[in-house]
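**Student:** Input structure: structure_7.csv, which contains CSV, C-alpha atoms.
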```
chain,number,residue,atom,x,y,z
Y,104,MET,CA,-2.3,32.7,-79.9
Y,105,LYS,CA,-5.3,33.2,-82.1
Y,106,ARG,CA,-6.6,29.8,-81.2
Y,107,LEU,CA,-6.2,30.7,-77.5
Y,108,PHE,CA,-8.2,33.8,-77.8
Y,109,ILE,CA,-10.9,31.9,-79.7
Y,110,LEU,CA,-11.0,29.2,-77.0
Y,111,LEU,CA,-11.2,31.9,-74.2
Y,112,ALA,CA,-14.0,33.6,-76.0
Y,113,VAL,CA,-15.9,30.4,-76.4
Y,114,MET,CA,-15.5,29.5,-72.7
Y,115,LEU,CA,-16.6,33.0,-71.6
Y,116,THR,CA,-19.6,32.8,-73.9
Y,117,LEU,CA,-20.4,29.4,-72.4
Y,118,ALA,CA,-20.1,30.7,-68.9
Y,119,ASP,CA,-22.5,33.5,-69.7
Y,120,ILE,CA,-24.9,31.0,-71.1
Y,121,VAL,CA,-24.7,28.4,-68.3
Y,122,GLY,CA,-23.8,30.7,-65.4
Y,123,CYS,CA,-21.8,29.9,-62.3
Y,124,MET,CA,-22.6,26.7,-60.5
Y,125,PRO,CA,-23.1,26.6,-56.7
Y,126,HIS,CA,-20.8,24.4,-54.6
Y,127,THR,CA,-21.5,23.9,-50.9
Y,128,THR,CA,-19.8,22.6,-47.8
Y,129,GLY,CA,-21.5,20.8,-44.9
Y,130,GLU,CA,-21.3,21.8,-41.2
Y,131,THR,CA,-18.1,19.7,-40.8
Y,132,GLN,CA,-16.8,19.8,-44.3
Y,133,VAL,CA,-14.1,21.9,-46.0
Y,134,GLY,CA,-14.0,22.5,-49.7
Y,135,VAL,CA,-11.1,22.4,-52.1
Y,136,ARG,CA,-11.2,24.0,-55.6
Y,137,THR,CA,-9.1,22.8,-58.6
Y,138,ARG,CA,-8.6,25.1,-61.6
Y,139,LYS,CA,-8.6,22.9,-64.7
Y,140,VAL,CA,-7.7,25.9,-66.9
Y,141,GLY,CA,-5.3,28.6,-65.9
Y,142,LEU,CA,-7.2,31.6,-67.3
Y,143,PHE,CA,-7.8,33.6,-64.1
Y,144,GLY,CA,-5.2,32.1,-61.9
Y,145,PRO,CA,-2.6,29.3,-61.7
Y,146,LYS,CA,-3.8,25.9,-62.9
Y,147,GLY,CA,-4.2,23.1,-60.4
Y,148,VAL,CA,-5.3,22.7,-56.8
Y,149,GLU,CA,-5.8,25.9,-54.9
Y,150,LYS,CA,-4.2,26.3,-51.5
Y,151,GLN,CA,-7.2,28.1,-50.2
Y,152,VAL,CA,-9.5,26.1,-47.9
Y,153,TYR,CA,-13.2,26.8,-48.2
Y,154,ALA,CA,-14.8,27.0,-44.8
Y,155,PRO,CA,-17.6,24.6,-43.6
Y,156,GLY,CA,-21.3,25.5,-43.9
Y,157,ALA,CA,-21.2,27.8,-46.9
Y,158,THR,CA,-22.0,28.0,-50.6
Y,159,TYR,CA,-19.5,29.0,-53.3
Y,160,PHE,CA,-20.1,29.7,-57.0
Y,161,PHE,CA,-17.7,28.7,-59.7
Y,162,VAL,CA,-17.8,28.5,-63.5
Y,163,PRO,CA,-18.4,24.9,-64.5
Y,164,PHE,CA,-16.2,22.8,-66.7
Y,165,ILE,CA,-13.1,24.8,-65.9
Y,166,ASN,CA,-13.3,24.1,-62.1
Y,167,ASP,CA,-13.5,20.9,-60.0
Y,168,TRP,CA,-14.9,20.8,-56.5
Y,169,ASN,CA,-13.9,18.4,-53.7
Y,170,VAL,CA,-15.0,18.3,-50.0
Y,171,PHE,CA,-13.4,16.5,-47.0
Y,172,ASP,CA,-15.2,15.8,-43.7
Y,173,THR,CA,-13.2,17.1,-40.7
Y,174,LYS,CA,-15.3,15.5,-38.0
Y,175,LEU,CA,-13.8,12.8,-35.7
Y,176,GLN,CA,-14.0,9.4,-37.4
Y,177,ASN,CA,-13.6,5.8,-36.1
Y,178,LEU,CA,-12.0,3.1,-38.1
Y,179,GLU,CA,-13.1,-0.1,-36.2
Y,180,MET,CA,-11.4,-3.3,-37.0
Y,181,THR,CA,-13.1,-6.1,-35.1
Y,182,TYR,CA,-13.8,-9.9,-35.0
Y,183,SER,CA,-17.5,-9.3,-35.1
Y,184,GLN,CA,-19.2,-9.5,-38.5
Y,185,VAL,CA,-22.2,-7.4,-37.5
Y,186,ARG,CA,-20.4,-4.2,-36.5
Y,187,GLY,CA,-17.2,-2.5,-37.3
Y,188,ASP,CA,-15.8,-1.0,-40.5
Y,189,ARG,CA,-16.5,-4.1,-42.5
Y,190,ARG,CA,-19.1,-6.9,-42.4
Y,191,THR,CA,-16.5,-9.6,-42.3
Y,192,ARG,CA,-13.9,-10.6,-39.7
Y,193,ASP,CA,-11.5,-7.7,-39.6
Y,194,ASP,CA,-9.5,-7.9,-36.4
Y,195,LEU,CA,-5.7,-7.8,-36.2
Y,196,VAL,CA,-4.1,-11.3,-36.1
Y,197,PHE,CA,-0.5,-11.6,-35.0
Y,198,LYS,CA,1.9,-13.5,-32.7
Y,199,THR,CA,3.0,-12.3,-29.3
Y,200,THR,CA,6.7,-12.0,-28.5
Y,201,ASP,CA,6.6,-15.4,-26.8
Y,202,GLY,CA,5.1,-17.1,-29.9
Y,203,ASN,CA,1.3,-17.4,-29.2
Y,204,ASP,CA,-1.3,-16.5,-31.7
Y,205,ILE,CA,-3.7,-13.7,-30.8
Y,206,SER,CA,-6.4,-11.6,-32.4
Y,207,LEU,CA,-7.2,-8.1,-31.2
Y,208,ASP,CA,-10.0,-5.6,-31.9
Y,209,VAL,CA,-8.6,-2.1,-32.5
Y,210,ILE,CA,-10.3,1.2,-33.0
Y,211,ILE,CA,-8.4,4.1,-34.7
Y,212,ALA,CA,-10.0,7.5,-33.9
Y,213,TYR,CA,-8.8,10.1,-36.4
Y,214,ARG,CA,-9.7,13.3,-38.2
Y,215,ILE,CA,-8.5,15.4,-41.2
Y,216,ASP,CA,-6.4,18.5,-40.6
Y,217,ALA,CA,-8.6,21.1,-42.3
Y,218,SER,CA,-5.6,23.3,-43.2
Y,219,LYS,CA,-4.1,20.4,-45.1
Y,220,ALA,CA,-7.1,19.6,-47.2
Y,221,PRO,CA,-5.5,20.9,-50.5
Y,222,HIS,CA,-2.4,18.8,-49.7
Y,223,ILE,CA,-4.6,15.7,-49.2
Y,224,LEU,CA,-6.4,16.3,-52.5
Y,225,GLN,CA,-3.2,16.9,-54.5
Y,226,TYR,CA,-0.9,14.2,-53.0
Y,227,VAL,CA,-2.9,11.7,-50.9
Y,228,ALA,CA,-6.5,11.0,-51.8
Y,229,ARG,CA,-9.4,12.4,-53.8
Y,230,ASP,CA,-12.1,12.0,-51.1
Y,231,ASP,CA,-12.8,10.7,-47.6
Y,232,LYS,CA,-13.5,7.1,-48.7
Y,233,SER,CA,-10.3,6.6,-50.6
Y,234,LEU,CA,-8.3,8.3,-47.8
Y,235,ARG,CA,-9.9,6.0,-45.2
Y,236,ASP,CA,-9.7,2.7,-47.2
Y,237,THR,CA,-6.4,3.3,-49.0
Y,238,ILE,CA,-4.3,5.2,-46.6
Y,239,VAL,CA,-5.6,5.2,-43.0
Y,240,ARG,CA,-6.7,1.6,-43.0
Y,241,THR,CA,-3.5,0.2,-44.6
Y,242,VAL,CA,-1.2,1.9,-42.2
Y,243,ALA,CA,-3.5,1.1,-39.2
Y,244,ARG,CA,-3.5,-2.6,-39.9
Y,245,SER,CA,0.3,-2.9,-40.2
Y,246,LYS,CA,2.0,-0.7,-37.6
Y,247,PRO,CA,-0.2,-1.5,-34.6
Y,248,ARG,CA,0.2,-5.3,-35.3
Y,249,ASP,CA,3.9,-4.9,-34.9
Y,250,ILE,CA,3.7,-2.8,-31.7
Y,251,PHE,CA,1.1,-5.0,-29.9
Y,252,GLY,CA,3.2,-8.0,-30.9
Y,253,GLU,CA,5.9,-6.8,-28.6
Y,254,LEU,CA,3.9,-7.9,-25.6
Y,255,LYS,CA,4.1,-11.3,-24.0
Y,256,THR,CA,0.9,-13.3,-23.9
Y,257,GLU,CA,0.0,-12.8,-20.2
Y,258,ALA,CA,0.5,-9.0,-20.6
Y,259,PHE,CA,-2.8,-8.8,-22.5
Y,260,TYR,CA,-4.6,-9.5,-19.3
Y,261,VAL,CA,-3.1,-6.3,-17.9
Y,262,ALA,CA,-5.0,-3.2,-18.9
Y,263,GLU,CA,-2.1,-0.9,-18.2
Y,264,ALA,CA,0.1,-2.9,-20.6
Y,265,ARG,CA,-2.4,-2.8,-23.4
Y,266,GLU,CA,-2.9,0.9,-22.9
Y,267,SER,CA,0.8,1.6,-23.0
Y,268,GLN,CA,1.2,-0.2,-26.3
Y,269,ALA,CA,-1.9,1.6,-27.6
Y,270,ASN,CA,-0.2,5.0,-26.9
Y,271,LYS,CA,2.9,3.8,-28.7
Y,272,ALA,CA,0.8,2.8,-31.7
Y,273,LYS,CA,-0.9,6.2,-31.7
Y,274,GLU,CA,2.5,7.9,-31.8
Y,275,ALA,CA,3.7,5.6,-34.6
Y,276,LEU,CA,0.6,6.2,-36.7
Y,277,GLN,CA,0.8,10.0,-36.2
Y,278,ALA,CA,4.4,10.0,-37.3
Y,279,ILE,CA,3.3,8.3,-40.6
Y,280,LEU,CA,-0.1,9.9,-41.2
Y,281,GLY,CA,0.5,13.4,-39.8
Y,282,PRO,CA,2.5,14.6,-42.8
Y,283,MET,CA,-0.4,13.4,-45.0
Y,284,GLY,CA,-2.9,15.7,-43.2
Y,285,VAL,CA,-4.4,13.1,-40.9
Y,286,VAL,CA,-4.5,13.6,-37.1
Y,287,VAL,CA,-4.6,10.4,-35.1
Y,288,GLU,CA,-6.5,11.2,-31.8
Y,289,LYS,CA,-6.6,7.8,-30.2
Y,290,VAL,CA,-5.9,4.1,-30.5
Y,291,LEU,CA,-8.2,1.9,-28.5
Y,292,THR,CA,-8.2,-1.8,-27.9
Y,293,ASN,CA,-11.3,-3.9,-27.3
Y,294,ASP,CA,-11.6,-7.7,-27.1
Y,295,TYR,CA,-8.7,-10.1,-27.6
Y,296,ARG,CA,-8.7,-13.8,-28.2
Y,297,PHE,CA,-6.1,-16.6,-28.0
Y,298,ASN,CA,-6.4,-20.0,-29.7
Y,299,SER,CA,-8.6,-22.6,-27.9
Y,300,GLU,CA,-5.7,-24.7,-26.5
Y,301,TYR,CA,-4.0,-21.7,-25.0
Y,302,THR,CA,-7.2,-20.3,-23.7
Y,303,LYS,CA,-7.9,-23.6,-21.9
Y,304,ALA,CA,-4.3,-23.5,-20.5
Y,305,ILE,CA,-4.8,-20.0,-19.3
Y,306,GLU,CA,-8.1,-20.9,-17.6
Y,307,ASP,CA,-6.5,-23.9,-15.9
Y,308,LYS,CA,-3.7,-21.6,-14.7
Y,309,LYS,CA,-6.2,-19.1,-13.4
Y,310,VAL,CA,-8.0,-21.9,-11.5
Y,311,ALA,CA,-4.6,-23.1,-10.1
Y,312,ASP,CA,-3.7,-19.5,-9.2
Y,313,GLN,CA,-7.0,-19.0,-7.4
Y,314,GLN,CA,-6.3,-22.2,-5.5
Y,315,VAL,CA,-2.9,-21.0,-4.6
Y,316,GLU,CA,-4.3,-17.7,-3.5
Y,317,LYS,CA,-6.9,-19.5,-1.4
Y,318,ASN,CA,-4.2,-21.6,0.2
Y,319,LYS,CA,-2.2,-18.4,0.8
Y,320,SER,CA,-5.3,-16.8,2.4
Y,321,ALA,CA,-5.8,-19.9,4.6
Y,322,GLN,CA,-2.1,-19.9,5.6
Y,323,HIS,CA,-2.3,-16.2,6.3
Y,324,ALA,CA,-5.4,-16.7,8.5
Y,325,ALA,CA,-3.7,-19.6,10.3
Y,326,LEU,CA,-0.6,-17.5,10.9
Y,327,GLU,CA,-2.7,-14.6,12.1
Y,328,GLU,CA,-4.6,-16.9,14.5
Y,329,TYR,CA,-1.2,-18.3,15.8
Y,330,LYS,CA,0.0,-14.7,16.3
Y,331,ARG,CA,-3.2,-13.9,18.2
Y,332,LYS,CA,-2.9,-16.9,20.4
Y,333,LEU,CA,0.8,-16.2,20.9
Y,334,GLU,CA,0.0,-12.6,22.0
Y,335,GLU,CA,-2.7,-14.0,24.3
Y,336,ALA,CA,-0.1,-16.4,25.8
Y,337,LYS,CA,2.4,-13.6,26.2
Y,338,GLY,CA,-0.2,-11.5,27.9
Y,339,GLU,CA,-1.1,-14.3,30.3
Y,340,VAL,CA,2.6,-14.9,31.0
Y,341,ASN,CA,3.2,-11.2,31.5
Y,342,LYS,CA,0.2,-11.2,33.9
Y,343,LEU,CA,1.7,-14.1,35.9
Y,344,VAL,CA,5.1,-12.5,36.0
Y,345,ALA,CA,3.5,-9.2,37.1
Y,346,ASP,CA,1.5,-11.0,39.8
Y,347,ALA,CA,4.7,-12.9,41.0
Y,348,ASP,CA,6.6,-9.7,41.0
Y,349,GLY,CA,3.9,-8.0,42.9
Y,350,GLN,CA,3.7,-10.8,45.5
Y,351,TYR,CA,7.5,-10.8,45.7
Y,352,LEU,CA,7.5,-7.1,46.4
Y,353,ARG,CA,4.8,-7.5,49.0
Y,354,ASP,CA,6.6,-10.3,50.7
Y,355,LYS,CA,9.9,-8.4,50.6
Y,356,ILE,CA,8.2,-5.3,52.1
Y,357,GLU,CA,6.7,-7.5,54.9
Y,358,ALA,CA,10.1,-9.2,55.5
Y,359,ASP,CA,11.8,-5.9,55.6
Y,360,VAL,CA,9.3,-4.5,58.1
Y,361,TYR,CA,9.6,-7.7,60.2
Y,362,GLN,CA,13.4,-7.6,60.1
Y,363,GLU,CA,13.3,-3.9,61.1
Y,364,GLN,CA,10.9,-4.7,64.0
Y,365,GLN,CA,13.1,-7.6,65.2
Y,366,GLN,CA,16.2,-5.4,64.9
Y,367,LEU,CA,14.5,-2.7,67.0
Y,368,LEU,CA,13.3,-5.4,69.5
Y,369,ALA,CA,16.8,-6.8,69.7
Y,370,LYS,CA,18.2,-3.4,70.2
Y,371,ALA,CA,15.6,-2.8,73.0
Y,372,ILE,CA,16.4,-6.2,74.6
Y,373,ARG,CA,20.1,-5.5,74.4
Y,374,SER,CA,19.7,-2.1,75.8
Y,375,GLU,CA,17.5,-3.5,78.7
Y,376,GLY,CA,20.1,-6.3,79.3
Y,377,ILE,CA,22.9,-3.7,79.3
Y,378,ALA,CA,20.9,-1.6,81.8
Y,379,GLU,CA,20.1,-4.5,84.0
Y,380,ALA,CA,23.8,-5.7,84.0
Y,381,LYS,CA,24.8,-2.2,84.9
Y,382,GLY,CA,22.4,-2.2,87.8
Y,383,ILE,CA,23.7,-5.5,89.1
Y,384,GLN,CA,27.2,-4.3,88.6
Y,385,GLU,CA,26.4,-1.2,90.5
Y,386,MET,CA,24.8,-3.3,93.3
Y,387,ASN,CA,27.8,-5.5,93.5
Y,388,ASN,CA,30.0,-2.5,93.6
Y,389,ALA,CA,27.9,-1.1,96.4
Y,390,LEU,CA,28.0,-4.4,98.4
Y,391,ALA,CA,31.7,-4.6,98.0
Y,392,GLY,CA,32.1,-1.2,99.5
Y,393,SER,CA,32.2,0.0,103.1
Y,394,GLY,CA,28.4,0.2,103.4
Y,395,GLY,CA,27.9,-3.3,102.0
Y,396,GLU,CA,28.1,-5.1,105.3
Y,397,ALA,CA,25.5,-2.8,106.8
Y,398,ILE,CA,23.2,-3.4,103.9
Y,399,VAL,CA,23.6,-7.2,104.2
Y,400,LYS,CA,22.8,-7.1,107.9
Y,401,LEU,CA,19.8,-5.0,107.1
Y,402,ARG,CA,18.5,-7.4,104.6
Y,403,ILE,CA,19.1,-10.4,106.9
Y,404,ALA,CA,17.2,-8.6,109.6
Y,405,GLU,CA,14.4,-7.9,107.2
Y,406,ALA,CA,14.4,-11.6,106.1
Y,407,ILE,CA,14.2,-13.0,109.6
Y,408,GLN,CA,11.9,-10.4,111.0
Y,409,GLY,CA,8.8,-12.0,112.5
Y,410,LYS,CA,10.2,-15.5,111.9
Y,411,ARG,CA,10.8,-18.1,114.6
Y,412,ILE,CA,14.3,-19.4,114.9
Y,413,ILE,CA,15.0,-22.8,116.6
Y,414,LEU,CA,18.5,-24.1,117.2
Y,415,LEU,CA,18.7,-27.9,117.6
Y,416,PRO,CA,21.6,-29.9,118.8
Y,417,VAL,CA,23.2,-32.3,116.4
Y,418,SER,CA,25.5,-35.2,116.7
Y,419,GLU,CA,29.2,-34.8,116.1
Y,420,GLY,CA,29.9,-33.5,112.7
Y,421,GLY,CA,26.9,-31.2,112.8
Y,422,MET,CA,26.3,-27.9,114.4
Y,423,ASN,CA,27.8,-27.5,117.9
Y,424,LEU,CA,26.0,-24.8,119.8
Y,425,LYS,CA,28.9,-24.3,122.0
Y,426,THR,CA,31.2,-23.5,119.3
Y,427,THR,CA,28.7,-21.9,116.7
Y,428,ASP,CA,29.1,-18.2,116.1
Y,429,ILE,CA,25.5,-17.1,115.8
Y,430,ASN,CA,26.5,-13.7,114.4
Y,431,ARG,CA,28.5,-15.4,111.7
Y,432,LEU,CA,25.7,-17.7,110.9
Y,433,ILE,CA,23.3,-14.8,110.5
Y,434,GLU,CA,25.7,-13.0,108.2
Y,435,THR,CA,26.1,-16.1,106.1
Y,436,LEU,CA,22.4,-16.7,105.8
Y,437,GLY,CA,21.9,-13.1,104.9
Y,438,VAL,CA,24.5,-13.2,102.1
Y,439,LYS,CA,23.0,-16.4,100.7
Y,440,SER,CA,19.6,-14.8,100.8
Y,441,LEU,CA,20.7,-11.8,98.8
Y,442,SER,CA,22.7,-13.9,96.3
Y,443,GLY,CA,19.9,-16.4,95.8
Y,444,GLY,CA,21.8,-19.4,97.3
Y,445,LYS,CA,20.4,-22.2,99.5
```
As structure tokens, what does this structure read like?
**Tutor:**
Amino acid sequence: MKRLFILLAVMLTLADIVGCMPHTTGETQVGVRTRKVGLFGPKGVEKQVYAPGATYFFVPFINDWNVFDTKLQNLEMTYSQVRGDRRTRDDLVFKTTDGNDISLDVIIAYRIDASKAPHILQYVARDDKSLRDTIVRTVARSKPRDIFGELKTEAFYVAEARESQANKAKEALQAILGPMGVVVEKVLTNDYRFNSEYTKAIEDKKVADQQVEKNKSAQHAALEEYKRKLEEAKGEVNKLVADADGQYLRDKIEADVYQEQQQLLAKAIRSEGIAEAKGIQEMNNALAGSGGEAIVKLRIAEAIQGKRIILLPVSEGGMNLKTTDINRLIETLGVKSLSGGK
């Protein structure tokens, strides 16, 4: 106990001599204090997080000071040797699910959870560099390789497929790094490369596919042209049918009109014939009656009126004046005249 008090006295004396040292945090940094000696509080990493953009004073020797940057950081693993996280080839190399070799450029966007800075210092890493190189980089090179390897080769040509796997990789990384105090904001993919033989095969396939599409387009154009001509032919046929139907209707109307006219004419002729027959019948009836003889005599008289009548003798077998009944002759001639006989 005596030694402890002596040590405390020495340290307090030293603090008075040296004074408290300033410790600062940048605009995006948080600070974490570690008590090396438990004189005025528990020994070890404080749970308090020291806010950005400030200066704090602590007694030296018995306190350690660490800062962590909370700004968004990009860990870029790329094929290029002039950019990215390292100046060597650093892309992810793996096999697709159908067995082809592929290399992929990946960017991991992450930041530190400021509230977990003491936890990071105590259990994960002493500073930003060791956190990046030892923890984030190690996990980021293993897990995404497995997830992107789930794709088939041709799926890498589809942006939606790559983006879907990138989201899966982000969730997987967050599940691992989140409890360590690292927040994974985004996983992005950039360029990808196949081996030369496969690349040539892909290019040949693209050329073949383009030719197929060209042939399909030509076939489609020919089909559309055929449809257009077919519609034109249908239109022409429909026009001819419509013209024929129109002509038929016109001819039918004319035929119906002519038939109706002939029927009316036939009815008129029939009616006239019936009327004329009735007149003749009436005349015959009149002649057959009591006044008929008088009418016949009147017509004979009218027929021979003003005409010269000569009676010539004939030989035997002809007319004999001695025996001829002139009155009977006149009656006979009158009847023949009325009936149209000779």
**Student:** Atom CA of Y:Asp208 and atom CA of Y:Arg240, how far apart in Å?
**Tutor:** 13.6 Å
**Student:** Between atom CA of Y:Pro125 and atom CA of Y:Pro163, what is the distance in Å, rounded to a tenth?
**Tutor:**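 Atom-to-atom, atom CA of Y:Pro125 to atom CA of Y:Pro163, that is 9.3 Å.
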**Student:** Using all atoms listed in the file, collect all residues at a distance of at most 6 Å from (3.3, -11.5, -35.5) as written in the file, then present them as a compact mmCIF listing (two decimals) with C-alpha atoms, in the coordinates of the input.
**Tutor:**
```txt
# COMPACT_ATOMS: atom_id res chain seq x y z
CA PHE Y 197 -0.50 -11.60 -35.00
CA LYS Y 198 1.90 -13.50 -32.70
CA GLY Y 252 3.20 -8.00 -30.90
```
**Student:** Take atom CA of Y:Val239 and atom CA of Y:Asn298 and report the distance between them in Å, one decimal.
**Tutor:** 28.5 Å
**Student:** Do you know which residues are at most 9 Å from Y:Ala272 counting all atoms listed in the file, after dropping those on the same chain fewer than 6 positions away, and could you put them as a list of chain:residue names?
**Tutor:**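 Surrounding residues, per the criterion: Y:Ala243, Y:Lys246, Y:Pro247, Y:Arg248, Y:Asp249, Y:Ile250, Y:Phe251, Y:Val290.
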**Student:** Which polymer residues have any atom within 12 Å of an atom of Y:Phe259, counting all atoms listed in the file, with same-chain residues fewer than 3 positions away left out, as a count of residues only?
**Tutor:** 27
**Student:** Is there a way to get, as a PyMOL selection string, all residues within 8 Å of the point (-11.5, 13.5, -48.2) in file coordinates, counting all atoms listed in the file?
**Tutor:** chain Y and resi 169-172+215+220+223-224+228-234
**Student:** Of the candidates Y:Thr158, Y:Thr137, Y:Ser299, Y:Thr131, which one gets nearest to Y:Asp216 if we count only C-alpha atoms?
**Tutor:** Y:Thr131
**Student:** Which residues, written as a PDB file with C-alpha atoms, in the frame of the given file, have at least one atom at most 10 Å from Y:Asp167, with only C-alpha atoms counted and residues fewer than 2 positions away on the same chain left out?
**Tutor:**
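Result written to out-v6.pdb:
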```pdb
ATOM      1  CA  HIS Y 126     -20.800  24.400 -54.600  1.00  0.00           C
ATOM      2  CA  VAL Y 135     -11.100  22.400 -52.100  1.00  0.00           C
ATOM      3  CA  ARG Y 136     -11.200  24.000 -55.600  1.00  0.00           C
ATOM      4  CA  THR Y 137      -9.100  22.800 -58.600  1.00  0.00           C
ATOM      5  CA  ARG Y 138      -8.600  25.100 -61.600  1.00  0.00           C
ATOM      6  CA  LYS Y 139      -8.600  22.900 -64.700  1.00  0.00           C
ATOM      7  CA  GLY Y 147      -4.200  23.100 -60.400  1.00  0.00           C
ATOM      8  CA  VAL Y 148      -5.300  22.700 -56.800  1.00  0.00           C
ATOM      9  CA  PHE Y 161     -17.700  28.700 -59.700  1.00  0.00           C
ATOM     10  CA  VAL Y 162     -17.800  28.500 -63.500  1.00  0.00           C
ATOM     11  CA  PRO Y 163     -18.400  24.900 -64.500  1.00  0.00           C
ATOM     12  CA  PHE Y 164     -16.200  22.800 -66.700  1.00  0.00           C
ATOM     13  CA  ILE Y 165     -13.100  24.800 -65.900  1.00  0.00           C
ATOM     14  CA  ASN Y 169     -13.900  18.400 -53.700  1.00  0.00           C
TER      15      ASN Y 169
END
```
**Student:** Taking all atoms listed in the file into account, name the residue in Y:Lys332, Y:Arg353, Y:Arg244, Y:His222 that is nearest to Y:Glu179.
**Tutor:**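 Ranked by minimum distance to Y:Glu179, first place goes to Y:Arg244.
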**Student:** Y:Lys273, Y:Ser245, Y:Leu368, Y:Phe160: which is nearest Y:Leu195, counting all atoms listed in the file?
**Tutor:**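 So, comparing all the options, the nearest one is Y:Ser245.
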**Student:** Taking only C-alpha atoms into account, which of Y:Ser374, Y:Thr181, Y:Thr237, Y:Gln362 comes nearest Y:Asp193?
**Tutor:**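 Using only C-alpha atoms, the shortest distance to Y:Asp193 belongs to Y:Thr181.
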**Student:** Choose the residue, out of Y:Lys355, Y:Arg192, Y:Ile398, Y:Asn166, that has the smallest atom-to-atom separation from Y:Gly141; count all atoms listed in the file.
**Tutor:**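 Smallest distance to Y:Gly141 is found for Y:Asn166.
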**Student:** What's the 8 Å shell around Y:Gln176, counting all atoms listed in the file, without same-chain residues fewer than 3 positions away, as a CSV table (one decimal) with C-alpha atoms, in the frame of the given file?
**Tutor:**
```csv
chain,number,residue,atom,x,y,z
Y,212,ALA,CA,-10.0,7.5,-33.9
Y,213,TYR,CA,-8.8,10.1,-36.4
Y,214,ARG,CA,-9.7,13.3,-38.2
```
